[in-house]
file coords-v9.pdb (PDB, C-alpha atoms)
ATOM      1  CA  MET A  16      80.065  10.868 -17.962  1.00  0.00           C
ATOM      2  CA  PRO A  17      77.606  11.429 -15.113  1.00  0.00           C
ATOM      3  CA  ILE A  18      74.156  12.986 -15.417  1.00  0.00           C
ATOM      4  CA  TYR A  19      73.620  16.106 -13.303  1.00  0.00           C
ATOM      5  CA  GLU A  20      70.337  17.784 -12.417  1.00  0.00           C
ATOM      6  CA  TYR A  21      69.921  21.568 -12.575  1.00  0.00           C
ATOM      7  CA  GLU A  22      67.199  24.066 -11.653  1.00  0.00           C
ATOM      8  CA  CYS A  23      66.557  27.414 -13.332  1.00  0.00           C
ATOM      9  CA  ALA A  24      66.188  30.429 -11.017  1.00  0.00           C
ATOM     10  CA  SER A  25      64.174  32.292 -13.666  1.00  0.00           C
ATOM     11  CA  CYS A  26      61.440  29.774 -14.521  1.00  0.00           C
ATOM     12  CA  SER A  27      61.962  27.018 -11.874  1.00  0.00           C
ATOM     13  CA  ALA A  28      62.351  24.342 -14.559  1.00  0.00           C
ATOM     14  CA  ARG A  29      64.433  21.288 -13.665  1.00  0.00           C
ATOM     15  CA  PHE A  30      66.467  19.482 -16.285  1.00  0.00           C
ATOM     16  CA  GLU A  31      69.181  16.848 -16.536  1.00  0.00           C
ATOM     17  CA  LEU A  32      72.477  17.232 -18.355  1.00  0.00           C
ATOM     18  CA  LEU A  33      75.078  14.644 -19.289  1.00  0.00           C
ATOM     19  CA  THR A  34      78.403  16.414 -18.734  1.00  0.00           C
ATOM     20  CA  SER A  35      81.916  15.856 -17.444  1.00  0.00           C
ATOM     21  CA  ARG A  36      82.704  16.406 -13.766  1.00  0.00           C
ATOM     22  CA  SER A  37      84.966  19.323 -14.643  1.00  0.00           C
ATOM     23  CA  LYS A  38      82.032  21.172 -16.281  1.00  0.00           C
ATOM     24  CA  ALA A  39      79.383  20.175 -13.698  1.00  0.00           C
ATOM     25  CA  LYS A  40      79.849  23.377 -11.672  1.00  0.00           C
ATOM     26  CA  ASP A  41      79.263  25.565 -14.737  1.00  0.00           C
ATOM     27  CA  SER A  42      75.794  27.100 -15.116  1.00  0.00           C
ATOM     28  CA  PRO A  43      74.304  25.604 -18.273  1.00  0.00           C
ATOM     29  CA  GLU A  44      71.573  27.385 -20.197  1.00  0.00           C
ATOM     30  CA  CYS A  45      68.028  26.450 -19.155  1.00  0.00           C
ATOM     31  CA  GLU A  46      66.419  24.093 -21.666  1.00  0.00           C
ATOM     32  CA  GLN A  47      63.026  25.763 -21.197  1.00  0.00           C
ATOM     33  CA  CYS A  48      63.624  29.534 -21.100  1.00  0.00           C
ATOM     34  CA  GLY A  49      67.275  29.907 -22.140  1.00  0.00           C
ATOM     35  CA  SER A  50      68.372  31.684 -18.937  1.00  0.00           C
ATOM     36  CA  GLY A  51      71.940  31.180 -17.733  1.00  0.00           C
ATOM     37  CA  ASP A  52      70.818  31.569 -14.097  1.00  0.00           C
ATOM     38  CA  THR A  53      70.844  27.855 -13.234  1.00  0.00           C
ATOM     39  CA  GLN A  54      72.352  25.850 -10.414  1.00  0.00           C
ATOM     40  CA  ARG A  55      73.047  22.189  -9.824  1.00  0.00           C
ATOM     41  CA  VAL A  56      70.667  20.476  -7.388  1.00  0.00           C
ATOM     42  CA  MET A  57      70.806  17.211  -5.475  1.00  0.00           C
ATOM     43  CA  SER A  58      69.513  14.396  -7.647  1.00  0.00           C
ATOM     44  CA  GLY A  59      67.299  11.655  -6.284  1.00  0.00           C
ATOM     45  CA  PHE A  60      68.048   7.967  -6.661  1.00  0.00           C
ATOM     46  CA  PHE A  61      66.184   4.731  -6.143  1.00  0.00           C
ATOM     47  CA  GLY A  62      66.963   2.178  -3.484  1.00  0.00           C
ATOM     48  CA  ARG A  63      65.408  -0.836  -1.849  1.00  0.00           C
ATOM     49  CA  SER A  64      64.598  -0.814   1.820  1.00  0.00           C
ATOM     50  CA  GLY A  65      63.909  -4.011   3.685  1.00  0.00           C
ATOM     51  CA  SER A  66      63.186  -7.269   1.926  1.00  0.00           C
ATOM     52  CA  GLY A  67      60.139  -6.053  -0.027  1.00  0.00           C
ATOM     53  CA  GLU A  68      59.872  -5.958  -3.786  1.00  0.00           C
ATOM     54  CA  GLU A  69      58.948  -2.276  -3.903  1.00  0.00           C
ATOM     55  CA  ALA A  70      61.597   0.342  -4.718  1.00  0.00           C
ATOM     56  CA  ALA A  71      61.394   3.738  -3.060  1.00  0.00           C
ATOM     57  CA  SER A  72      62.707   7.111  -4.111  1.00  0.00           C
ATOM     58  CA  VAL A  73      65.492   8.193  -1.779  1.00  0.00           C
ATOM     59  CA  GLY A  74      67.047  11.659  -1.537  1.00  0.00           C
ATOM     60  CA  SER A  75      64.677  13.384  -3.913  1.00  0.00           C
ATOM     61  CA  SER A  76      62.475  16.402  -3.386  1.00  0.00           C
ATOM     62  CA  CYS A  77      59.676  14.576  -5.224  1.00  0.00           C
ATOM     63  CA  GLY A  78      59.519  11.605  -2.853  1.00  0.00           C
ATOM     64  CA  GLY A  79      55.812  11.008  -3.483  1.00  0.00           C
ATOM     65  CA  CYS A  80      56.257  10.942  -7.241  1.00  0.00           C
ATOM     66  CA  THR A  81      55.408   7.720  -9.076  1.00  0.00           C
ATOM     67  CA  ALA A  82      56.977   8.671 -12.412  1.00  0.00           C
ATOM     68  CA  SER A  83      59.881   6.546 -13.638  1.00  0.00           C
ATOM     69  CA  SER A  84      62.062   9.674 -14.022  1.00  0.00           C
ATOM     70  CA  CYS A  85      61.956  13.361 -13.097  1.00  0.00           C
ATOM     71  CA  ALA A  86      61.086  14.136 -16.723  1.00  0.00           C
ATOM     72  CA  GLY A  87      57.635  12.626 -15.995  1.00  0.00           C
ATOM     73  CA  CYS A  88      56.938  15.332 -13.389  1.00  0.00           C
ATOM     74  CA  ARG A  89      57.120  18.242 -15.828  1.00  0.00           C
TER      75      ARG A  89
END
call {"tool": "encode", "arguments": {"input": "coords-v9.pdb", "output": "structure tokens"}}
result
Amino acid sequence: MPIYEYECASCSARFELLTSRSKAKDSPECEQCGSGDTQRVMSGFFGRSGSGEEAASVGSSCGGCTASSCAGCR
């Protein structure tokens, strides 16, 4: 099962959820405030560019973040 990332419209919290593709479009309850007003957002991923050893965050809204996962940004 894939991991999807969601954002709460009520408290702006972001959280990840391991769920099936068929349930990914559902609005899960926010882990922080319990609101059902959540929506799936584009998740970031890591990739290598060039021949360097350094990995860079690609496709994420927290591109300058140095945490190993989005949970470290909370």
call {"tool": "resolve_selection", "arguments": {"input": "coords-v9.pdb", "expression": "the PyMOL selection byres ((chain A and resi 28) around 12)", "output": "PDB file with C-alpha atoms, keeping the file's coordinate frame"}}
result
ATOM      1  CA  GLU A  20      70.337  17.784 -12.417  1.00  0.00           C
ATOM      2  CA  TYR A  21      69.921  21.568 -12.575  1.00  0.00           C
ATOM      3  CA  GLU A  22      67.199  24.066 -11.653  1.00  0.00           C
ATOM      4  CA  CYS A  23      66.557  27.414 -13.332  1.00  0.00           C
ATOM      5  CA  ALA A  24      66.188  30.429 -11.017  1.00  0.00           C
ATOM      6  CA  SER A  25      64.174  32.292 -13.666  1.00  0.00           C
ATOM      7  CA  CYS A  26      61.440  29.774 -14.521  1.00  0.00           C
ATOM      8  CA  SER A  27      61.962  27.018 -11.874  1.00  0.00           C
ATOM      9  CA  ARG A  29      64.433  21.288 -13.665  1.00  0.00           C
ATOM     10  CA  PHE A  30      66.467  19.482 -16.285  1.00  0.00           C
ATOM     11  CA  GLU A  31      69.181  16.848 -16.536  1.00  0.00           C
ATOM     12  CA  GLU A  44      71.573  27.385 -20.197  1.00  0.00           C
ATOM     13  CA  CYS A  45      68.028  26.450 -19.155  1.00  0.00           C
ATOM     14  CA  GLU A  46      66.419  24.093 -21.666  1.00  0.00           C
ATOM     15  CA  GLN A  47      63.026  25.763 -21.197  1.00  0.00           C
ATOM     16  CA  CYS A  48      63.624  29.534 -21.100  1.00  0.00           C
ATOM     17  CA  GLY A  49      67.275  29.907 -22.140  1.00  0.00           C
ATOM     18  CA  SER A  50      68.372  31.684 -18.937  1.00  0.00           C
ATOM     19  CA  ASP A  52      70.818  31.569 -14.097  1.00  0.00           C
ATOM     20  CA  THR A  53      70.844  27.855 -13.234  1.00  0.00           C
ATOM     21  CA  GLN A  54      72.352  25.850 -10.414  1.00  0.00           C
ATOM     22  CA  ARG A  55      73.047  22.189  -9.824  1.00  0.00           C
ATOM     23  CA  VAL A  56      70.667  20.476  -7.388  1.00  0.00           C
ATOM     24  CA  CYS A  85      61.956  13.361 -13.097  1.00  0.00           C
ATOM     25  CA  ALA A  86      61.086  14.136 -16.723  1.00  0.00           C
ATOM     26  CA  CYS A  88      56.938  15.332 -13.389  1.00  0.00           C
ATOM     27  CA  ARG A  89      57.120  18.242 -15.828  1.00  0.00           C
TER      28      ARG A  89
END
call {"tool": "resolve_selection", "arguments": {"input": "coords-v9.pdb", "expression": "the PyMOL selection byres ((chain A and resi 18) around 9)", "output": "JSON, numbers by chain"}}
result
{"A": [16, 17, 19, 20, 31, 32, 33, 34, 35]}
call {"tool": "axis_aligned_box", "arguments": {"input": "coords-v9.pdb", "around": "range 37-51 of chain A", "padding_each_side": "8 Å", "output": "lines of an AutoDock Vina configuration file"}}
result
center_x = 74.0
center_y = 25.5
center_z = -16.9
size_x = 37.9
size_y = 28.4
size_z = 26.5
call {"tool": "decode", "arguments": {"input": "coords-v9.pdb", "residues": "range 33-54 of chain A", "atoms": "N, CA and C atoms", "output": "PDB file, in the first residue's frame"}}
result
ATOM      1  N   LEU A  33      -0.941   5.576   5.394  1.00  0.00           N
ATOM      2  CA  LEU A  33      -0.751   4.375   4.603  1.00  0.00           C
ATOM      3  C   LEU A  33      -2.143   3.831   4.295  1.00  0.00           C
ATOM      4  N   THR A  34      -2.541   3.875   3.025  1.00  0.00           N
ATOM      5  CA  THR A  34      -3.889   3.458   2.652  1.00  0.00           C
ATOM      6  C   THR A  34      -3.906   2.912   1.234  1.00  0.00           C
ATOM      7  N   SER A  35      -4.953   2.205   0.892  1.00  0.00           N
ATOM      8  CA  SER A  35      -5.064   1.651  -0.458  1.00  0.00           C
ATOM      9  C   SER A  35      -5.371   2.762  -1.458  1.00  0.00           C
ATOM     10  N   ARG A  36      -5.090   2.522  -2.712  1.00  0.00           N
ATOM     11  CA  ARG A  36      -5.360   3.527  -3.752  1.00  0.00           C
ATOM     12  C   ARG A  36      -6.847   3.840  -3.849  1.00  0.00           C
ATOM     13  N   SER A  37      -7.685   2.841  -3.616  1.00  0.00           N
ATOM     14  CA  SER A  37      -9.125   3.060  -3.728  1.00  0.00           C
ATOM     15  C   SER A  37      -9.655   3.994  -2.638  1.00  0.00           C
ATOM     16  N   LYS A  38      -8.961   4.077  -1.503  1.00  0.00           N
ATOM     17  CA  LYS A  38      -9.389   4.954  -0.404  1.00  0.00           C
ATOM     18  C   LYS A  38      -8.605   6.262  -0.346  1.00  0.00           C
ATOM     19  N   ALA A  39      -7.636   6.450  -1.246  1.00  0.00           N
ATOM     20  CA  ALA A  39      -6.760   7.624  -1.204  1.00  0.00           C
ATOM     21  C   ALA A  39      -7.503   8.928  -1.440  1.00  0.00           C
ATOM     22  N   LYS A  40      -8.618   8.895  -2.183  1.00  0.00           N
ATOM     23  CA  LYS A  40      -9.365  10.116  -2.460  1.00  0.00           C
ATOM     24  C   LYS A  40     -10.327  10.479  -1.338  1.00  0.00           C
ATOM     25  N   ASP A  41     -10.532   9.558  -0.388  1.00  0.00           N
ATOM     26  CA  ASP A  41     -11.370   9.858   0.771  1.00  0.00           C
ATOM     27  C   ASP A  41     -10.693  10.932   1.609  1.00  0.00           C
ATOM     28  N   SER A  42     -11.453  11.636   2.419  1.00  0.00           N
ATOM     29  CA  SER A  42     -10.893  12.656   3.316  1.00  0.00           C
ATOM     30  C   SER A  42     -10.745  12.063   4.710  1.00  0.00           C
ATOM     31  N   PRO A  43      -9.535  11.630   5.067  1.00  0.00           N
ATOM     32  CA  PRO A  43      -9.355  11.047   6.395  1.00  0.00           C
ATOM     33  C   PRO A  43      -9.426  12.121   7.483  1.00  0.00           C
ATOM     34  N   GLU A  44      -9.669  11.694   8.683  1.00  0.00           N
ATOM     35  CA  GLU A  44      -9.715  12.613   9.823  1.00  0.00           C
ATOM     36  C   GLU A  44      -8.309  13.112  10.136  1.00  0.00           C
ATOM     37  N   CYS A  45      -8.193  14.409  10.429  1.00  0.00           N
ATOM     38  CA  CYS A  45      -6.908  15.009  10.775  1.00  0.00           C
ATOM     39  C   CYS A  45      -6.381  14.384  12.061  1.00  0.00           C
ATOM     40  N   GLU A  46      -5.107  14.019  12.058  1.00  0.00           N
ATOM     41  CA  GLU A  46      -4.486  13.407  13.228  1.00  0.00           C
ATOM     42  C   GLU A  46      -4.301  14.405  14.367  1.00  0.00           C
ATOM     43  N   GLN A  47      -4.289  15.699  14.053  1.00  0.00           N
ATOM     44  CA  GLN A  47      -4.029  16.709  15.075  1.00  0.00           C
ATOM     45  C   GLN A  47      -5.306  17.271  15.701  1.00  0.00           C
ATOM     46  N   CYS A  48      -6.288  17.655  14.862  1.00  0.00           N
ATOM     47  CA  CYS A  48      -7.483  18.305  15.412  1.00  0.00           C
ATOM     48  C   CYS A  48      -8.763  17.489  15.246  1.00  0.00           C
ATOM     49  N   GLY A  49      -8.712  16.411  14.460  1.00  0.00           N
ATOM     50  CA  GLY A  49      -9.874  15.554  14.288  1.00  0.00           C
ATOM     51  C   GLY A  49     -10.844  15.994  13.202  1.00  0.00           C
ATOM     52  N   SER A  50     -10.564  17.080  12.507  1.00  0.00           N
ATOM     53  CA  SER A  50     -11.433  17.584  11.448  1.00  0.00           C
ATOM     54  C   SER A  50     -11.450  16.614  10.260  1.00  0.00           C
ATOM     55  N   GLY A  51     -12.580  16.535   9.589  1.00  0.00           N
ATOM     56  CA  GLY A  51     -12.695  15.721   8.387  1.00  0.00           C
ATOM     57  C   GLY A  51     -12.448  16.533   7.127  1.00  0.00           C
ATOM     58  N   ASP A  52     -12.097  17.815   7.291  1.00  0.00           N
ATOM     59  CA  ASP A  52     -11.861  18.718   6.160  1.00  0.00           C
ATOM     60  C   ASP A  52     -10.396  18.649   5.739  1.00  0.00           C
ATOM     61  N   THR A  53     -10.015  17.518   5.150  1.00  0.00           N
ATOM     62  CA  THR A  53      -8.632  17.298   4.713  1.00  0.00           C
ATOM     63  C   THR A  53      -8.615  17.010   3.225  1.00  0.00           C
ATOM     64  N   GLN A  54      -7.459  17.251   2.618  1.00  0.00           N
ATOM     65  CA  GLN A  54      -7.303  16.915   1.200  1.00  0.00           C
ATOM     66  C   GLN A  54      -5.903  16.391   0.952  1.00  0.00           C
TER      67      GLN A  54
END
